[in-house]
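Engineer: Provided below: entry.cif, containing mmCIF, N, CA and C atoms.
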```cif
data_final
loop_
_atom_site.label_atom_id
_atom_site.label_comp_id
_atom_site.auth_asym_id
_atom_site.auth_seq_id
_atom_site.Cartn_x
_atom_site.Cartn_y
_atom_site.Cartn_z
N MET A 1 12.75 15.90 -10.75
CA MET A 1 12.09 15.23 -9.64
C MET A 1 13.06 14.19 -9.08
N LYS A 2 13.25 14.24 -7.80
CA LYS A 2 14.14 13.25 -7.19
C LYS A 2 13.33 12.01 -6.80
N PHE A 3 13.94 10.86 -6.96
CA PHE A 3 13.26 9.61 -6.65
C PHE A 3 13.72 9.03 -5.31
N ARG A 4 15.03 9.07 -5.06
CA ARG A 4 15.53 8.50 -3.81
C ARG A 4 15.04 9.33 -2.64
N GLY A 5 14.40 8.66 -1.70
CA GLY A 5 13.92 9.34 -0.51
C GLY A 5 12.60 10.07 -0.70
N ASN A 6 11.98 9.97 -1.87
CA ASN A 6 10.71 10.64 -2.13
C ASN A 6 9.57 9.72 -1.67
N TYR A 7 9.29 9.77 -0.38
CA TYR A 7 8.30 8.87 0.20
C TYR A 7 6.88 9.23 -0.21
N ILE A 8 6.64 10.49 -0.54
CA ILE A 8 5.31 10.88 -1.01
C ILE A 8 5.02 10.18 -2.33
N LEU A 9 6.00 10.17 -3.22
CA LEU A 9 5.85 9.45 -4.49
C LEU A 9 5.64 7.96 -4.24
N MET A 10 6.43 7.39 -3.35
CA MET A 10 6.33 5.96 -3.07
C MET A 10 4.93 5.59 -2.58
N PHE A 11 4.43 6.33 -1.59
CA PHE A 11 3.13 6.00 -1.05
C PHE A 11 2.00 6.31 -2.03
N ALA A 12 2.15 7.33 -2.85
CA ALA A 12 1.12 7.63 -3.85
C ALA A 12 1.04 6.50 -4.89
N VAL A 13 2.18 6.02 -5.34
CA VAL A 13 2.18 4.91 -6.30
C VAL A 13 1.62 3.65 -5.65
N GLN A 14 1.95 3.41 -4.39
CA GLN A 14 1.41 2.24 -3.70
C GLN A 14 -0.11 2.35 -3.56
N PHE A 15 -0.61 3.55 -3.33
CA PHE A 15 -2.06 3.76 -3.24
C PHE A 15 -2.73 3.34 -4.55
N PHE A 16 -2.23 3.85 -5.67
CA PHE A 16 -2.85 3.53 -6.95
C PHE A 16 -2.59 2.09 -7.38
N SER A 17 -1.48 1.52 -6.95
CA SER A 17 -1.23 0.12 -7.30
C SER A 17 -2.20 -0.83 -6.59
N GLY A 18 -2.77 -0.39 -5.48
CA GLY A 18 -3.79 -1.19 -4.80
C GLY A 18 -5.03 -1.36 -5.67
N PHE A 19 -5.45 -0.28 -6.31
CA PHE A 19 -6.60 -0.37 -7.22
C PHE A 19 -6.27 -1.25 -8.42
N TRP A 20 -5.04 -1.09 -8.95
CA TRP A 20 -4.60 -1.92 -10.06
C TRP A 20 -4.55 -3.40 -9.64
N THR A 21 -4.12 -3.66 -8.42
CA THR A 21 -4.04 -5.03 -7.92
C THR A 21 -5.42 -5.67 -7.88
N TYR A 22 -6.41 -4.96 -7.37
CA TYR A 22 -7.75 -5.54 -7.31
C TYR A 22 -8.29 -5.80 -8.71
N TYR A 23 -8.11 -4.85 -9.61
CA TYR A 23 -8.56 -5.03 -10.99
C TYR A 23 -7.84 -6.23 -11.63
N ALA A 24 -6.52 -6.32 -11.43
CA ALA A 24 -5.76 -7.42 -12.02
C ALA A 24 -6.18 -8.75 -11.42
N CYS A 25 -6.49 -8.77 -10.13
CA CYS A 25 -6.95 -10.02 -9.50
C CYS A 25 -8.30 -10.46 -10.07
N VAL A 26 -9.18 -9.53 -10.28
CA VAL A 26 -10.49 -9.87 -10.84
C VAL A 26 -10.34 -10.36 -12.27
N GLN A 27 -9.45 -9.73 -13.04
CA GLN A 27 -9.27 -10.10 -14.44
C GLN A 27 -8.46 -11.38 -14.63
N PHE A 28 -7.39 -11.54 -13.86
CA PHE A 28 -6.44 -12.62 -14.11
C PHE A 28 -6.37 -13.66 -12.99
N GLY A 29 -7.15 -13.47 -11.96
CA GLY A 29 -7.12 -14.43 -10.85
C GLY A 29 -5.90 -14.21 -9.98
N LEU A 30 -5.37 -15.29 -9.47
CA LEU A 30 -4.25 -15.22 -8.53
C LEU A 30 -3.00 -14.63 -9.17
N VAL A 31 -2.84 -14.77 -10.46
CA VAL A 31 -1.69 -14.17 -11.16
C VAL A 31 -1.74 -12.65 -11.06
N GLY A 32 -2.94 -12.09 -10.91
CA GLY A 32 -3.10 -10.65 -10.77
C GLY A 32 -2.40 -10.09 -9.56
N VAL A 33 -2.22 -10.90 -8.53
CA VAL A 33 -1.47 -10.44 -7.35
C VAL A 33 -0.05 -10.07 -7.77
N GLY A 34 0.54 -10.87 -8.59
CA GLY A 34 1.89 -10.57 -9.10
C GLY A 34 1.91 -9.32 -9.96
N TYR A 35 0.91 -9.17 -10.83
CA TYR A 35 0.83 -7.97 -11.66
C TYR A 35 0.67 -6.71 -10.82
N GLY A 36 -0.11 -6.82 -9.76
CA GLY A 36 -0.32 -5.67 -8.89
C GLY A 36 0.89 -5.36 -8.03
N PHE A 37 1.69 -6.39 -7.76
CA PHE A 37 2.86 -6.20 -6.91
C PHE A 37 4.01 -5.53 -7.65
N ILE A 38 4.01 -5.58 -8.96
CA ILE A 38 5.11 -5.02 -9.75
C ILE A 38 5.30 -3.52 -9.50
N PRO A 39 4.26 -2.66 -9.67
CA PRO A 39 4.50 -1.23 -9.41
C PRO A 39 4.82 -0.95 -7.94
N PHE A 40 4.20 -1.71 -7.03
CA PHE A 40 4.47 -1.56 -5.60
C PHE A 40 5.95 -1.79 -5.33
N LEU A 41 6.48 -2.87 -5.85
CA LEU A 41 7.88 -3.23 -5.62
C LEU A 41 8.85 -2.30 -6.34
N LEU A 42 8.54 -1.93 -7.58
CA LEU A 42 9.44 -1.06 -8.34
C LEU A 42 9.64 0.29 -7.66
N VAL A 43 8.55 0.90 -7.23
CA VAL A 43 8.68 2.21 -6.59
C VAL A 43 9.36 2.08 -5.23
N LEU A 44 9.12 0.99 -4.53
CA LEU A 44 9.78 0.75 -3.26
C LEU A 44 11.29 0.67 -3.45
N LEU A 45 11.73 -0.08 -4.44
CA LEU A 45 13.16 -0.20 -4.73
C LEU A 45 13.74 1.12 -5.23
N LEU A 46 13.02 1.82 -6.07
CA LEU A 46 13.50 3.08 -6.64
C LEU A 46 13.71 4.13 -5.56
N VAL A 47 12.79 4.21 -4.61
CA VAL A 47 12.85 5.25 -3.58
C VAL A 47 13.85 4.89 -2.48
N GLN A 48 13.94 3.63 -2.10
CA GLN A 48 14.73 3.28 -0.92
C GLN A 48 16.12 2.73 -1.21
N THR A 49 16.46 2.42 -2.44
CA THR A 49 17.77 1.89 -2.74
C THR A 49 18.83 2.96 -2.51
N LYS A 50 19.82 2.62 -1.71
CA LYS A 50 20.96 3.50 -1.38
C LYS A 50 20.50 4.81 -0.74
N TYR A 51 19.43 4.77 0.02
CA TYR A 51 18.97 5.96 0.72
C TYR A 51 18.81 5.62 2.19
N VAL A 52 19.36 6.46 3.05
CA VAL A 52 19.25 6.25 4.49
C VAL A 52 18.27 7.30 5.02
N PRO A 53 17.09 6.86 5.49
CA PRO A 53 16.11 7.84 5.97
C PRO A 53 16.56 8.48 7.29
N ASP A 54 16.14 9.73 7.50
CA ASP A 54 16.46 10.38 8.76
C ASP A 54 15.46 9.94 9.84
N GLU A 55 15.64 10.43 11.04
CA GLU A 55 14.81 9.98 12.18
C GLU A 55 13.34 10.30 11.97
N ARG A 56 13.04 11.46 11.41
CA ARG A 56 11.66 11.86 11.16
C ARG A 56 10.98 10.90 10.18
N GLU A 57 11.69 10.57 9.11
CA GLU A 57 11.13 9.66 8.11
C GLU A 57 10.90 8.27 8.70
N VAL A 58 11.84 7.80 9.51
CA VAL A 58 11.68 6.49 10.14
C VAL A 58 10.46 6.51 11.06
N ALA A 59 10.28 7.57 11.83
CA ALA A 59 9.13 7.68 12.72
C ALA A 59 7.82 7.69 11.94
N LEU A 60 7.79 8.41 10.82
CA LEU A 60 6.57 8.46 10.00
C LEU A 60 6.28 7.11 9.35
N ILE A 61 7.32 6.40 8.96
CA ILE A 61 7.12 5.07 8.37
C ILE A 61 6.56 4.11 9.43
N HIS A 62 7.07 4.20 10.65
CA HIS A 62 6.54 3.35 11.73
C HIS A 62 5.08 3.69 12.03
N LYS A 63 4.74 4.97 12.03
CA LYS A 63 3.35 5.38 12.22
C LYS A 63 2.47 4.83 11.11
N THR A 64 2.96 4.90 9.88
CA THR A 64 2.21 4.39 8.73
C THR A 64 1.93 2.91 8.89
N GLU A 65 2.95 2.15 9.23
CA GLU A 65 2.79 0.70 9.36
C GLU A 65 1.87 0.33 10.51
N SER A 66 1.95 1.06 11.61
CA SER A 66 1.08 0.79 12.75
C SER A 66 -0.38 1.08 12.42
N ALA A 67 -0.62 2.23 11.83
CA ALA A 67 -1.99 2.59 11.46
C ALA A 67 -2.52 1.66 10.38
N GLN A 68 -1.66 1.25 9.47
CA GLN A 68 -2.07 0.34 8.41
C GLN A 68 -2.59 -0.97 8.98
N GLY A 69 -1.90 -1.52 9.94
CA GLY A 69 -2.34 -2.77 10.55
C GLY A 69 -3.70 -2.66 11.19
N ILE A 70 -3.94 -1.55 11.88
CA ILE A 70 -5.22 -1.35 12.55
C ILE A 70 -6.35 -1.21 11.52
N VAL A 71 -6.13 -0.36 10.52
CA VAL A 71 -7.18 -0.12 9.52
C VAL A 71 -7.46 -1.37 8.71
N ILE A 72 -6.43 -2.12 8.34
CA ILE A 72 -6.64 -3.35 7.57
C ILE A 72 -7.45 -4.35 8.38
N ALA A 73 -7.15 -4.49 9.66
CA ALA A 73 -7.90 -5.43 10.51
C ALA A 73 -9.38 -5.05 10.56
N VAL A 74 -9.66 -3.77 10.71
CA VAL A 74 -11.06 -3.32 10.76
C VAL A 74 -11.74 -3.53 9.41
N LEU A 75 -11.08 -3.16 8.33
CA LEU A 75 -11.68 -3.32 7.00
C LEU A 75 -11.95 -4.79 6.68
N MET A 76 -11.03 -5.65 7.05
CA MET A 76 -11.23 -7.07 6.74
C MET A 76 -12.32 -7.67 7.61
N ALA A 77 -12.47 -7.18 8.82
CA ALA A 77 -13.59 -7.64 9.65
C ALA A 77 -14.91 -7.23 9.02
N VAL A 78 -14.96 -6.01 8.50
CA VAL A 78 -16.18 -5.53 7.83
C VAL A 78 -16.48 -6.38 6.59
N VAL A 79 -15.46 -6.65 5.79
CA VAL A 79 -15.66 -7.48 4.60
C VAL A 79 -16.13 -8.88 4.99
N TYR A 80 -15.52 -9.46 6.00
CA TYR A 80 -15.87 -10.81 6.43
C TYR A 80 -17.30 -10.88 6.96
N MET A 81 -17.70 -9.87 7.72
CA MET A 81 -19.02 -9.90 8.36
C MET A 81 -20.15 -9.51 7.41
N TRP A 82 -19.96 -8.47 6.61
CA TRP A 82 -21.06 -7.93 5.83
C TRP A 82 -21.00 -8.23 4.33
N PHE A 83 -19.86 -8.66 3.84
CA PHE A 83 -19.74 -8.95 2.41
C PHE A 83 -19.08 -10.32 2.18
N PRO A 84 -19.68 -11.39 2.70
CA PRO A 84 -19.02 -12.70 2.59
C PRO A 84 -18.95 -13.24 1.16
N GLU A 85 -19.76 -12.68 0.25
CA GLU A 85 -19.75 -13.19 -1.12
C GLU A 85 -18.55 -12.68 -1.92
N LEU A 86 -17.87 -11.63 -1.42
CA LEU A 86 -16.71 -11.10 -2.13
C LEU A 86 -15.49 -11.98 -1.87
N ASN A 87 -14.55 -11.92 -2.79
CA ASN A 87 -13.31 -12.67 -2.62
C ASN A 87 -12.43 -11.90 -1.64
N TRP A 88 -12.38 -12.37 -0.41
CA TRP A 88 -11.69 -11.64 0.66
C TRP A 88 -10.20 -11.54 0.42
N PHE A 89 -9.60 -12.53 -0.24
CA PHE A 89 -8.16 -12.50 -0.47
C PHE A 89 -7.77 -11.36 -1.39
N TYR A 90 -8.50 -11.19 -2.49
CA TYR A 90 -8.20 -10.10 -3.41
C TYR A 90 -8.37 -8.74 -2.73
N ILE A 91 -9.42 -8.62 -1.94
CA ILE A 91 -9.66 -7.36 -1.22
C ILE A 91 -8.56 -7.12 -0.20
N PHE A 92 -8.15 -8.16 0.49
CA PHE A 92 -7.09 -8.03 1.49
C PHE A 92 -5.79 -7.55 0.85
N VAL A 93 -5.39 -8.18 -0.23
CA VAL A 93 -4.14 -7.82 -0.90
C VAL A 93 -4.21 -6.39 -1.44
N ALA A 94 -5.32 -6.04 -2.05
CA ALA A 94 -5.46 -4.69 -2.60
C ALA A 94 -5.53 -3.65 -1.48
N ASN A 95 -6.24 -3.96 -0.40
CA ASN A 95 -6.37 -3.00 0.70
C ASN A 95 -5.05 -2.72 1.40
N ILE A 96 -4.18 -3.68 1.44
CA ILE A 96 -2.87 -3.43 2.03
C ILE A 96 -2.19 -2.28 1.31
N SER A 97 -2.19 -2.32 0.01
CA SER A 97 -1.53 -1.28 -0.77
C SER A 97 -2.30 0.04 -0.71
N ILE A 98 -3.62 -0.02 -0.82
CA ILE A 98 -4.43 1.21 -0.79
C ILE A 98 -4.29 1.92 0.55
N VAL A 99 -4.46 1.18 1.62
CA VAL A 99 -4.41 1.79 2.96
C VAL A 99 -3.00 2.29 3.27
N ARG A 100 -1.99 1.50 2.96
CA ARG A 100 -0.61 1.92 3.20
C ARG A 100 -0.30 3.19 2.42
N GLY A 101 -0.71 3.22 1.16
CA GLY A 101 -0.45 4.40 0.33
C GLY A 101 -1.18 5.63 0.83
N ALA A 102 -2.44 5.48 1.20
CA ALA A 102 -3.22 6.63 1.66
C ALA A 102 -2.67 7.18 2.98
N ILE A 103 -2.44 6.30 3.94
CA ILE A 103 -1.95 6.76 5.24
C ILE A 103 -0.54 7.35 5.11
N GLY A 104 0.32 6.69 4.37
CA GLY A 104 1.68 7.19 4.20
C GLY A 104 1.72 8.54 3.49
N THR A 105 0.91 8.70 2.47
CA THR A 105 0.87 9.99 1.76
C THR A 105 0.41 11.10 2.67
N VAL A 106 -0.66 10.85 3.41
CA VAL A 106 -1.18 11.88 4.33
C VAL A 106 -0.16 12.21 5.41
N LEU A 107 0.45 11.21 6.01
CA LEU A 107 1.42 11.46 7.08
C LEU A 107 2.64 12.23 6.56
N PHE A 108 3.13 11.89 5.39
CA PHE A 108 4.31 12.58 4.88
C PHE A 108 3.99 13.99 4.37
N LEU A 109 2.76 14.20 3.92
CA LEU A 109 2.38 15.56 3.49
C LEU A 109 2.14 16.48 4.68
N THR A 110 1.62 15.94 5.78
CA THR A 110 1.29 16.77 6.93
C THR A 110 2.35 16.75 8.02
N GLY A 111 3.21 15.73 8.03
CA GLY A 111 4.16 15.58 9.13
C GLY A 111 5.46 16.16 8.80
#
```
Can the structure from this file be put into structure tokens for me?
Structural biologist:
Amino acid sequence: MKFRGNYILMFAVQFFSGFWTYYACVQFGLVGVGYGFIPFLLVLLLVQTKYVPDEREVALIHKTESAQGIVIAVLMAVVYMWFPELNWFYIFVANISIVRGAIGTVLFLTG
């Protein structure tokens, strides 16, 4: 299995690290953000270190980031309006990874 340039692996790990981040935040508080960021960062470095993406990959990454911003804004508005008792910061941090991973995986598998 190749790691450099394997964006499907990167986004899949980021998807699952979002769930780990939320669990770690609930268990350990603010320190959980750091625990959740570890797999996100490791796979990011492993996949992108010394790798130059081609034009298609760059376009898909831009699509992922654009869609991520839109979906996160909508999700956080929903959390703020209908679930004010939840810790919005933990949900925000976890949703960044979950949404980025889901959208990126789908775009790279289909694009």
Engineer: Which neighbours of A:Ala94 fall inside 6.5 Å, counting all atoms listed in the file, when residues of the same chain fewer than 6 positions from it are skipped, and could you give them as an mmCIF file with N, CA and C atoms, keeping the file's coordinate frame?
Structural biologist:
```cif
data_model
loop_
_atom_site.group_PDB
_atom_site.id
_atom_site.type_symbol
_atom_site.label_atom_id
_atom_site.label_comp_id
_atom_site.auth_asym_id
_atom_site.auth_seq_id
_atom_site.Cartn_x
_atom_site.Cartn_y
_atom_site.Cartn_z
ATOM 1 N N SER A 17 -1.480 1.520 -6.950
ATOM 2 C CA SER A 17 -1.230 0.120 -7.300
ATOM 3 C C SER A 17 -2.200 -0.830 -6.590
ATOM 4 N N GLY A 18 -2.770 -0.390 -5.480
ATOM 5 C CA GLY A 18 -3.790 -1.190 -4.800
ATOM 6 C C GLY A 18 -5.030 -1.360 -5.670
ATOM 7 N N PHE A 19 -5.450 -0.280 -6.310
ATOM 8 C CA PHE A 19 -6.600 -0.370 -7.220
ATOM 9 C C PHE A 19 -6.270 -1.250 -8.420
ATOM 10 N N THR A 21 -4.120 -3.660 -8.420
ATOM 11 C CA THR A 21 -4.040 -5.030 -7.920
ATOM 12 C C THR A 21 -5.420 -5.670 -7.880
ATOM 13 N N TYR A 22 -6.410 -4.960 -7.370
ATOM 14 C CA TYR A 22 -7.750 -5.540 -7.310
ATOM 15 C C TYR A 22 -8.290 -5.800 -8.710
#
```
Engineer: Find the spatial neighbours of stretch 23-40 of chain A, counting only N, CA and C atoms, within a cut-off of 8 Å - ignore same-chain residues fewer than 4 positions away - and output them as a list in words.
Structural biologist: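 Neighbouring residues, sequence-local ones excluded: Met10, Val13, Gln14, Phe15, Phe16, Ser17, Gly18, Phe19, Leu44, Leu45, Leu46, Tyr90, Val93, Ala94 and Ser97 of chain A.
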Engineer: Of the candidates A:Ile98, A:Asn6, A:Thr105, A:Thr110, which one gets nearest to A:Val52 if we count only C-alpha atoms?
Structural biologist: A:Asn6
Engineer: How would you write, as a list of chain:residue names, the residues chosen by the PyMOL selection byres (((chain A and resi 48 and name CA) around 12) and name CA) on this structure?
Structural biologist: A:Lys2, A:Phe3, A:Arg4, A:Gly5, A:Asn6, A:Tyr7, A:Leu9, A:Met10, A:Phe11, A:Leu41, A:Leu42, A:Val43, A:Leu44, A:Leu45, A:Leu46, A:Val47, A:Thr49, A:Lys50, A:Tyr51, A:Val52, A:Pro53, A:Glu57, A:Val58
Engineer: List the neighbours of stretch 73-81 of chain A out to 9 Å using only C-alpha atoms; skip same-chain residues closer than 5 positions along the sequence, and give me the result as a ChimeraX atom specification.
Structural biologist: /A:68,86,88,91-92,95
Engineer: Using DSSP on the backbone coordinates, identify all residues within stretch 45-109 of chain A classified as helix (DSSP H, G or I); present the result as a PyMOL selection string.
Structural biologist: chain A and resi 45-48+55-82+88-109
Engineer: How many Å lie between atom CA of A:Trp20 and atom C of A:Glu85, rounded to one decimal?
Structural biologist: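 Atom-to-atom, atom CA of A:Trp20 and atom C of A:Glu85 are spaced 19.4 Å apart.
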Engineer: What separation in Å, quoted to one decimal, exists between atom CA of A:Asp54 and atom CA of A:Ala102?
Structural biologist: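 Atom CA of A:Ala102 lies 21.3 Å from atom CA of A:Asp54.
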Engineer: Just the number, please: distance in Å from atom N of A:Ile61 to atom CA of A:Phe89, one decimal.
Structural biologist: 26.2 Å
Engineer: On this file, the PyMOL selection byres (((chain A and resi 63 and name CA) around 12) and name CA) gives some set of residues; write that set as a list in words.
Structural biologist: Arg56, Glu57, Val58, Ala59, Leu60, Ile61, His62, Thr64, Glu65, Ser66, Ala67, Gln68, Gly69, Ile70, Arg100, Ile103, Gly104, Thr105, Val106, Leu107, Phe108 and Gly111 of chain A
Engineer: Is it possible to get the axis-aligned box enclosing stretch 41-48 of chain A (all listed atoms, 3 Å extra per side) as AutoDock Vina command-line options, with centre and edge lengths in Å rounded to one decimal?
Structural biologist:
```
--center_x 11.3 --center_y 1.0 --center_z -4.6 --size_x 15.6 --size_y 14.5 --size_z 13.4
```
